[in-house]
Amino acid sequence: MGINKQFLKGKPVCKVTFKISEKEGKGITMAHVVGEFNDWSTSATPMKRLKNGAFSATVELEKGRSYQFRYLLGQTHWENDPDADNYLPSPFGDSHNSVISL
C-alpha cells in the first residue's frame, strides 16, 4: 500500500493517490478508499484495478488538515495503510483508522 501527495502551486488542494500493491490486491476484484473526505461512503471513491493487479485512486483534498480513512477490499475486509501519517482509534472501538495529514 502507499500514499503519494502532490501539492499544487497556487491551489489550496493536494492531489493524493492511494495505492494498494499487487500483493495486497491479489484475489480482490474491487477496492474503495473510505474516509472523512467522502463521508465514509463505501461506494463514493472506487479504486481502479491496474493491469498488474494493484489498485489506485486519486482524490483532491484540502491542504492544512488531516483526514481519517481506511481501505475496503471486496465488500467486507477493512485495511489500514502502513504508510499513513498516523492512526487513531475508530469510533467503533474495535479498530483504528489511518490518518493522512496535508
# chains A, B, ... in the order shown; residues from 1 in each chain; ligands from 1
$ select_by_dssp --residues "chain A" --states "helix (DSSP H, G or I)" --output "list of chain:residue names"
A:Glu22, A:Lys23, A:Glu24, A:Gly25, A:Glu36, A:Phe37, A:Asn38
$ closest_residue --among "A:Glu36, A:Glu79, A:Glu24, A:Glu60" --to "A:Ser95" --atoms "only C-alpha atoms"
A:Glu79
$ residues_around --residues "A:Glu22" --least-positions-apart "5" --cutoff "12 Å" --atoms "only C-alpha atoms" --output "VMD selection string"
chain A and resid 1 to 2 27 to 29 49 to 56
$ write_last_selection --atoms "N, CA, C and O atoms" --output "PDB file, in the first residue's frame"
ATOM      1  N   MET A   1       0.846  -1.160   0.000  1.00  0.00           N
ATOM      2  CA  MET A   1       0.000   0.000   0.000  1.00  0.00           C
ATOM      3  C   MET A   1       0.890   1.220   0.000  1.00  0.00           C
ATOM      4  O   MET A   1       2.078   1.139   0.262  1.00  0.00           O
ATOM      5  N   GLY A   2       0.305   2.343  -0.286  1.00  0.00           N
ATOM      6  CA  GLY A   2       1.106   3.539  -0.314  1.00  0.00           C
ATOM      7  C   GLY A   2       0.285   4.772  -0.609  1.00  0.00           C
ATOM      8  O   GLY A   2      -0.835   4.689  -1.104  1.00  0.00           O
ATOM      9  N   GLY A  27      -6.347 -11.480  -5.580  1.00  0.00           N
ATOM     10  CA  GLY A  27      -7.610 -12.162  -5.300  1.00  0.00           C
ATOM     11  C   GLY A  27      -8.769 -11.229  -5.003  1.00  0.00           C
ATOM     12  O   GLY A  27      -9.880 -11.680  -4.726  1.00  0.00           O
ATOM     13  N   ILE A  28      -8.541  -9.927  -5.073  1.00  0.00           N
ATOM     14  CA  ILE A  28      -9.597  -8.955  -4.801  1.00  0.00           C
ATOM     15  C   ILE A  28     -10.113  -8.405  -6.128  1.00  0.00           C
ATOM     16  O   ILE A  28      -9.327  -8.082  -7.023  1.00  0.00           O
ATOM     17  N   THR A  29     -11.422  -8.292  -6.268  1.00  0.00           N
ATOM     18  CA  THR A  29     -11.990  -7.789  -7.514  1.00  0.00           C
ATOM     19  C   THR A  29     -12.351  -6.319  -7.455  1.00  0.00           C
ATOM     20  O   THR A  29     -12.516  -5.679  -8.484  1.00  0.00           O
ATOM     21  N   ARG A  49      -8.581  -0.874 -10.772  1.00  0.00           N
ATOM     22  CA  ARG A  49      -7.693  -2.045 -10.805  1.00  0.00           C
ATOM     23  C   ARG A  49      -6.727  -1.881 -11.975  1.00  0.00           C
ATOM     24  O   ARG A  49      -7.140  -1.660 -13.110  1.00  0.00           O
ATOM     25  N   LEU A  50      -5.444  -1.978 -11.684  1.00  0.00           N
ATOM     26  CA  LEU A  50      -4.412  -1.856 -12.702  1.00  0.00           C
ATOM     27  C   LEU A  50      -4.106  -3.222 -13.315  1.00  0.00           C
ATOM     28  O   LEU A  50      -4.452  -4.255 -12.741  1.00  0.00           O
ATOM     29  N   LYS A  51      -3.427  -3.227 -14.449  1.00  0.00           N
ATOM     30  CA  LYS A  51      -3.128  -4.483 -15.151  1.00  0.00           C
ATOM     31  C   LYS A  51      -2.351  -5.477 -14.304  1.00  0.00           C
ATOM     32  O   LYS A  51      -2.524  -6.676 -14.429  1.00  0.00           O
ATOM     33  N   ASN A  52      -1.499  -4.958 -13.413  1.00  0.00           N
ATOM     34  CA  ASN A  52      -0.669  -5.850 -12.594  1.00  0.00           C
ATOM     35  C   ASN A  52      -1.404  -6.362 -11.346  1.00  0.00           C
ATOM     36  O   ASN A  52      -0.817  -7.052 -10.522  1.00  0.00           O
ATOM     37  N   GLY A  53      -2.674  -5.969 -11.175  1.00  0.00           N
ATOM     38  CA  GLY A  53      -3.441  -6.434 -10.024  1.00  0.00           C
ATOM     39  C   GLY A  53      -3.469  -5.462  -8.863  1.00  0.00           C
ATOM     40  O   GLY A  53      -4.162  -5.683  -7.877  1.00  0.00           O
ATOM     41  N   ALA A  54      -2.711  -4.368  -8.974  1.00  0.00           N
ATOM     42  CA  ALA A  54      -2.735  -3.329  -7.941  1.00  0.00           C
ATOM     43  C   ALA A  54      -3.986  -2.471  -8.129  1.00  0.00           C
ATOM     44  O   ALA A  54      -4.681  -2.576  -9.135  1.00  0.00           O
ATOM     45  N   PHE A  55      -4.277  -1.616  -7.144  1.00  0.00           N
ATOM     46  CA  PHE A  55      -5.406  -0.693  -7.215  1.00  0.00           C
ATOM     47  C   PHE A  55      -4.903   0.709  -6.934  1.00  0.00           C
ATOM     48  O   PHE A  55      -3.957   0.904  -6.164  1.00  0.00           O
ATOM     49  N   SER A  56      -5.585   1.722  -7.518  1.00  0.00           N
ATOM     50  CA  SER A  56      -5.179   3.104  -7.321  1.00  0.00           C
ATOM     51  C   SER A  56      -6.393   4.024  -7.427  1.00  0.00           C
ATOM     52  O   SER A  56      -7.310   3.768  -8.209  1.00  0.00           O
TER      53      SER A  56
END
$ closest_residue --among "A:His77, A:Lys63, A:His96, A:Lys11" --to "A:His32" --atoms "only C-alpha atoms"
A:His77
$ closest_residue --among "A:Thr58, A:Thr76, A:Ser90, A:Asn38" --to "A:Lys5" --atoms "only C-alpha atoms"
A:Thr58
$ closest_residue --among "A:Ala44, A:Ala84, A:Leu102, A:Met30" --to "A:Phe18" --atoms "only C-alpha atoms"
A:Ala84
$ select_by_dssp --residues "chain A" --states "strand (DSSP E or B)" --output "ChimeraX atom specification"
/A:2-7,13-20,31-35,46,48-49,55-62,66-73,77-79,86-89,96-101
$ closest_residue --among "A:Gln6, A:Ser21, A:Asn80, A:Asn86" --to "A:Glu62" --atoms "only C-alpha atoms"
A:Gln6
